[in-house]
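Shown here: upload-v7.cif, mmCIF, C-alpha atoms.
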data_entry
#
loop_
_atom_site.group_PDB
_atom_site.id
_atom_site.type_symbol
_atom_site.label_atom_id
_atom_site.label_comp_id
_atom_site.auth_asym_id
_atom_site.auth_seq_id
_atom_site.Cartn_x
_atom_site.Cartn_y
_atom_site.Cartn_z
ATOM 1 C CA MET A 1 26.313 1.073 -15.047
ATOM 2 C CA VAL A 2 29.519 0.948 -13.026
ATOM 3 C CA PHE A 3 27.825 2.462 -9.961
ATOM 4 C CA GLY A 4 24.915 0.006 -10.152
ATOM 5 C CA LEU A 5 27.271 -2.929 -10.605
ATOM 6 C CA LEU A 6 29.453 -1.836 -7.664
ATOM 7 C CA CYS A 7 26.368 -1.490 -5.480
ATOM 8 C CA VAL A 8 25.054 -4.937 -6.411
ATOM 9 C CA ALA A 9 28.388 -6.760 -6.197
ATOM 10 C CA VAL A 10 30.237 -4.949 -3.405
ATOM 11 C CA TRP A 11 28.510 -2.246 -1.390
ATOM 12 C CA ILE A 12 25.143 -3.905 -0.584
ATOM 13 C CA PRO A 13 26.535 -7.351 0.344
ATOM 14 C CA LEU A 14 29.154 -5.754 2.619
ATOM 15 C CA ASP A 15 26.773 -3.209 4.173
ATOM 16 C CA THR A 16 23.730 -5.354 5.053
ATOM 17 C CA ASP A 17 23.369 -7.891 7.813
ATOM 18 C CA SER A 18 20.672 -9.995 6.207
ATOM 19 C CA GLY A 19 19.873 -11.155 2.705
ATOM 20 C CA LEU A 20 17.108 -10.144 0.345
ATOM 21 C CA VAL A 21 14.436 -12.179 2.122
ATOM 22 C CA GLU A 22 14.554 -13.673 5.601
ATOM 23 C CA GLN A 23 12.573 -16.698 6.744
ATOM 24 C CA VAL A 24 12.243 -17.418 10.442
ATOM 25 C CA ARG A 25 9.843 -20.149 11.574
ATOM 26 C CA ARG A 26 7.875 -20.122 8.319
ATOM 27 C CA ARG A 27 7.447 -16.339 8.499
ATOM 28 C CA VAL A 28 8.821 -14.543 5.453
ATOM 29 C CA SER A 29 10.017 -10.983 5.967
ATOM 30 C CA VAL A 30 11.925 -8.379 4.035
ATOM 31 C CA GLY A 31 15.683 -8.551 4.401
ATOM 32 C CA ASP A 32 17.924 -5.511 4.803
ATOM 33 C CA ALA A 33 19.283 -5.892 1.292
ATOM 34 C CA LEU A 34 15.999 -6.128 -0.683
ATOM 35 C CA ALA A 35 15.218 -2.434 -1.266
ATOM 36 C CA PRO A 36 18.778 -1.273 -1.977
ATOM 37 C CA MET A 37 19.398 -4.288 -4.227
ATOM 38 C CA LEU A 38 16.289 -3.545 -6.294
ATOM 39 C CA ALA A 39 17.258 0.126 -6.538
ATOM 40 C CA ALA A 40 20.794 -0.732 -7.609
ATOM 41 C CA CYS A 41 19.481 -3.204 -10.206
ATOM 42 C CA LEU A 42 17.232 -0.481 -11.614
ATOM 43 C CA VAL A 43 20.219 1.906 -11.796
ATOM 44 C CA LEU A 44 22.209 -0.804 -13.580
ATOM 45 C CA LEU A 45 19.326 -1.512 -15.967
ATOM 46 C CA GLY A 46 18.913 2.213 -16.648
ATOM 47 C CA GLY A 47 22.611 2.496 -17.442
ATOM 48 C CA ILE A 48 22.466 -0.463 -19.806
ATOM 49 C CA LEU A 49 19.383 0.887 -21.598
ATOM 50 C CA THR A 50 20.968 4.334 -21.870
ATOM 51 C CA ALA A 51 24.140 2.863 -23.339
ATOM 52 C CA VAL A 52 22.220 0.732 -25.835
ATOM 53 C CA PHE A 53 19.799 3.453 -26.921
ATOM 54 C CA LEU A 54 22.106 6.455 -26.486
ATOM 55 C CA PRO A 55 20.875 9.326 -28.657
ATOM 56 C CA ASP A 56 23.111 11.367 -30.944
ATOM 57 C CA THR A 57 24.659 14.009 -28.675
ATOM 58 C CA THR A 58 26.730 15.883 -31.241
ATOM 59 C CA ASP A 59 24.325 18.881 -31.314
ATOM 60 C CA THR A 60 24.159 19.865 -27.630
ATOM 61 C CA HIS A 61 23.656 23.614 -28.217
ATOM 62 C CA HIS A 62 19.873 23.273 -28.614
ATOM 63 C CA ALA A 63 19.387 20.273 -26.349
ATOM 64 C CA VAL A 64 20.165 21.851 -22.963
ATOM 65 C CA PRO A 65 17.092 24.131 -22.570
ATOM 66 C CA GLY A 66 14.793 21.290 -23.596
ATOM 67 C CA ALA A 67 16.481 18.895 -21.186
ATOM 68 C CA VAL A 68 16.133 21.326 -18.271
ATOM 69 C CA SER A 69 12.449 21.886 -19.051
ATOM 70 C CA PHE A 70 11.860 18.151 -19.432
ATOM 71 C CA GLY A 71 13.621 17.431 -16.127
ATOM 72 C CA ALA A 72 11.667 20.156 -14.317
ATOM 73 C CA LYS A 73 8.362 18.764 -15.595
ATOM 74 C CA MET A 74 9.328 15.239 -14.539
ATOM 75 C CA LEU A 75 10.387 16.450 -11.105
ATOM 76 C CA GLY A 76 7.101 18.333 -10.733
ATOM 77 C CA VAL A 77 5.042 15.265 -11.614
ATOM 78 C CA LEU A 78 7.031 13.098 -9.185
ATOM 79 C CA VAL A 79 6.661 15.617 -6.341
ATOM 80 C CA ILE A 80 2.902 15.850 -6.936
ATOM 81 C CA GLY A 81 2.694 12.036 -7.093
ATOM 82 C CA PHE A 82 4.528 11.736 -3.765
ATOM 83 C CA LEU A 83 2.229 14.340 -2.191
ATOM 84 C CA ILE A 84 -0.813 12.426 -3.451
ATOM 85 C CA ALA A 85 0.637 9.219 -1.997
ATOM 86 C CA LEU A 86 1.248 10.933 1.334
ATOM 87 C CA TYR A 87 -2.127 12.630 1.759
ATOM 88 C CA ALA A 88 -4.676 10.536 -0.198
ATOM 89 C CA GLY A 89 -5.096 7.927 2.554
ATOM 90 C CA PRO A 90 -5.636 10.410 5.406
ATOM 91 C CA ILE A 91 -8.013 12.456 3.223
ATOM 92 C CA ALA A 92 -9.973 9.305 2.316
ATOM 93 C CA VAL A 93 -10.318 8.431 6.005
ATOM 94 C CA ALA A 94 -11.408 12.000 6.798
ATOM 95 C CA VAL A 95 -14.088 11.807 4.073
ATOM 96 C CA TYR A 96 -15.158 8.377 5.347
ATOM 97 C CA ASN A 97 -15.416 9.760 8.882
ATOM 98 C CA ILE A 98 -17.975 12.380 7.820
ATOM 99 C CA ALA A 99 -20.708 9.735 7.702
ATOM 100 C CA GLN A 100 -19.510 7.656 10.655
ATOM 101 C CA ALA A 101 -20.632 7.859 14.284
ATOM 102 C CA GLU A 102 -17.304 6.502 15.478
ATOM 103 C CA PRO A 103 -14.448 8.047 13.453
ATOM 104 C CA LEU A 104 -11.389 6.139 12.331
ATOM 105 C CA GLU A 105 -7.824 7.304 12.886
ATOM 106 C CA TYR A 106 -5.657 6.840 9.806
ATOM 107 C CA ARG A 107 -2.602 5.845 11.820
ATOM 108 C CA LEU A 108 -4.539 2.888 13.239
ATOM 109 C CA VAL A 109 -6.039 1.676 9.941
ATOM 110 C CA SER A 110 -3.102 2.396 7.622
ATOM 111 C CA ALA A 111 -2.088 -1.280 7.543
ATOM 112 C CA SER A 112 -5.563 -2.620 6.703
ATOM 113 C CA LEU A 113 -7.603 -2.902 3.533
ATOM 114 C CA PRO A 114 -8.501 -0.707 1.646
ATOM 115 C CA TRP A 115 -6.683 2.122 3.389
ATOM 116 C CA LYS A 116 -3.160 0.794 2.895
ATOM 117 C CA TYR A 117 -3.440 0.917 -0.894
ATOM 118 C CA ILE A 118 -5.194 4.272 -1.441
ATOM 119 C CA GLY A 119 -2.168 6.584 -1.261
ATOM 120 C CA PHE A 120 0.252 4.160 -2.889
ATOM 121 C CA GLY A 121 -2.204 3.373 -5.692
ATOM 122 C CA LEU A 122 -3.277 6.922 -6.505
ATOM 123 C CA GLY A 123 0.141 8.534 -6.073
ATOM 124 C CA GLY A 124 1.986 5.782 -7.919
ATOM 125 C CA THR A 125 -0.474 5.721 -10.800
ATOM 126 C CA PHE A 126 -0.331 9.527 -11.092
ATOM 127 C CA ALA A 127 3.488 9.575 -11.064
ATOM 128 C CA ILE A 128 3.872 6.827 -13.656
ATOM 129 C CA ALA A 129 1.101 8.074 -15.965
ATOM 130 C CA GLY A 130 2.345 11.658 -15.600
ATOM 131 C CA CYS A 131 5.922 10.741 -16.518
ATOM 132 C CA ILE A 132 4.687 8.815 -19.557
ATOM 133 C CA ALA A 133 2.479 11.756 -20.566
ATOM 134 C CA ILE A 134 5.422 14.170 -20.365
ATOM 135 C CA ALA A 135 7.648 11.827 -22.387
ATOM 136 C CA GLU A 136 4.966 11.351 -25.062
ATOM 137 C CA GLY A 137 3.747 14.943 -25.025
ATOM 138 C CA ARG A 138 0.122 13.958 -24.279
ATOM 139 C CA LEU A 139 -1.918 12.045 -21.735
ATOM 140 C CA HIS A 140 -3.454 8.853 -23.063
ATOM 141 C CA TRP A 141 -5.549 6.148 -21.402
ATOM 142 C CA ARG A 142 -2.726 3.720 -22.106
ATOM 143 C CA ALA A 143 -0.439 5.687 -19.742
ATOM 144 C CA ILE A 144 -3.011 5.474 -16.940
ATOM 145 C CA LEU A 145 -3.449 1.744 -17.563
ATOM 146 C CA ILE A 146 0.335 1.239 -17.486
ATOM 147 C CA GLY A 147 0.462 3.159 -14.200
ATOM 148 C CA LEU A 148 -2.271 0.980 -12.683
ATOM 149 C CA VAL A 149 -0.647 -2.253 -13.856
ATOM 150 C CA ALA A 150 2.768 -1.137 -12.548
ATOM 151 C CA VAL A 151 1.304 -0.246 -9.144
ATOM 152 C CA LEU A 152 -0.541 -3.570 -8.981
ATOM 153 C CA GLY A 153 2.702 -5.341 -9.908
ATOM 154 C CA MET A 154 4.538 -3.577 -7.071
ATOM 155 C CA VAL A 155 1.767 -4.555 -4.647
ATOM 156 C CA VAL A 156 2.050 -8.197 -5.750
ATOM 157 C CA VAL A 157 5.855 -8.227 -5.490
ATOM 158 C CA PHE A 158 6.374 -6.155 -2.344
ATOM 159 C CA ASP A 159 3.210 -6.276 -0.236
ATOM 160 C CA LEU A 160 1.497 -9.624 -0.683
ATOM 161 C CA PRO A 161 4.439 -11.942 0.148
ATOM 162 C CA PHE A 162 5.419 -10.106 3.357
ATOM 163 C CA ASP A 163 3.330 -9.847 6.511
ATOM 164 C CA ASP A 164 5.341 -7.074 8.129
ATOM 165 C CA LEU A 165 5.867 -4.726 5.174
ATOM 166 C CA LEU A 166 3.913 -1.499 4.760
ATOM 167 C CA LEU A 167 3.983 0.180 1.377
ATOM 168 C CA PRO A 168 4.952 3.841 1.364
ATOM 169 C CA PRO A 169 3.905 6.182 2.825
ATOM 170 C CA ASN A 170 2.081 4.072 5.450
ATOM 171 C CA GLY A 171 5.266 3.127 7.282
ATOM 172 C CA ASP A 172 5.538 6.775 8.359
ATOM 173 C CA TYR A 173 2.298 6.803 10.378
#
Will you turn the file into structure tokens for me?
Amino acid sequence: MVFGLLCVAVWIPLDTDSGLVEQVRRRVSVGDALAPMLAACLVLLGGILTAVFLPDTTDTHHAVPGAVSFGAKMLGVLVIGFLIALYAGPIAVAVYNIAQAEPLEYRLVSASLPWKYIGFGLGGTFAIAGCIAIAEGRLHWRAILIGLVAVLGMVVVFDLPFDDLLLPPNGDY
């Protein structure tokens, strides 16, 4: 909580040149502080939720192996989700190109519909649904639906309002 609060109140305002959102001649763009501010707020929120719902930690002898296994599974799901996000768009374009006389290049179409949402949507949904499935001990349709709704929410908040923002991983191409 302290780290998140220090980031929000001190580090980010002193380290960024612009605010959260910049508007120049009726064009809205992402400010330097938007991404780190959201990340710091999530760290702060995570700290608050952990403090409020802190489990009983008096019996730590049996908890450590389970925690390591749980963390390894979560890390595995997140890595696979990031790999899906990175390669799903280029693979979709390659499959699309099989039936086309004039092939597309992913780098050139990565900012246009539907290509810009394929990797982010599939990878994000997989990562969120996978993390929920690990936490609950089973995969349920509700987890997939939550993943889809969360990804759609991120698209609405981060992509739709800004003309010059590319969702990950498309900014890398």
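Evaluating the PyMOL selection byres ((chain A and resi 124-140) around 7) against the shown model yields Met74, Val77, Leu78, Gly81, Ala85, Phe120, Gly121, Leu122, Gly123, Trp141, Arg142, Ala143, Ile144, Gly147, Leu148 and Val151 of chain A.
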Write out as a PyMOL selection string which residues come within 8 Å of segment 7-15 of chain A when counting only C-alpha atoms, dropping same-chain ones fewer than 6 positions away.
-> chain A and resi 33+36-37+40-41
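Pairwise distance (atom CA of Met1 of chain A, atom CA of Ile48 of chain A) equals 6.3 Å.
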Would you compute the box with edges along x, y and z of the file around segment 40-56 of chain A, including every atom the file lists for it and 3 Å extra on each side, and give its centre and edge lengths in Å to one decimal, as AutoDock Vina command-line options?
--center_x 20.7 --center_y 4.1 --center_z -19.3 --size_x 12.9 --size_y 20.6 --size_z 29.3
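Closest approach to Phe3 of chain A among A:Leu108, A:Met154, A:Leu160, A:Val43: A:Val43, based on only C-alpha atoms.
Between atom CA of Ala67 of chain A and atom CA of Thr50 of chain A the separation is 15.3 Å.
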What does the distance from atom CA of Pro114 of chain A to atom CA of Asp163 of chain A come to in Å, to one decimal?
-> 15.7 Å
What's the 12 Å shell around Pro90 of chain A, counting all atoms listed in the file, without same-chain residues fewer than 2 positions away, as a list of chain:residue names?
-> A:Leu83, A:Ile84, A:Ala85, A:Leu86, A:Tyr87, A:Ala88, A:Ala92, A:Val93, A:Ala94, A:Val95, A:Tyr96, A:Asn97, A:Leu104, A:Glu105, A:Tyr106, A:Arg107, A:Leu108, A:Val109, A:Ser110, A:Trp115, A:Lys116, A:Tyr117, A:Ile118, A:Gly119, A:Phe120, A:Pro169, A:Asn170, A:Tyr173
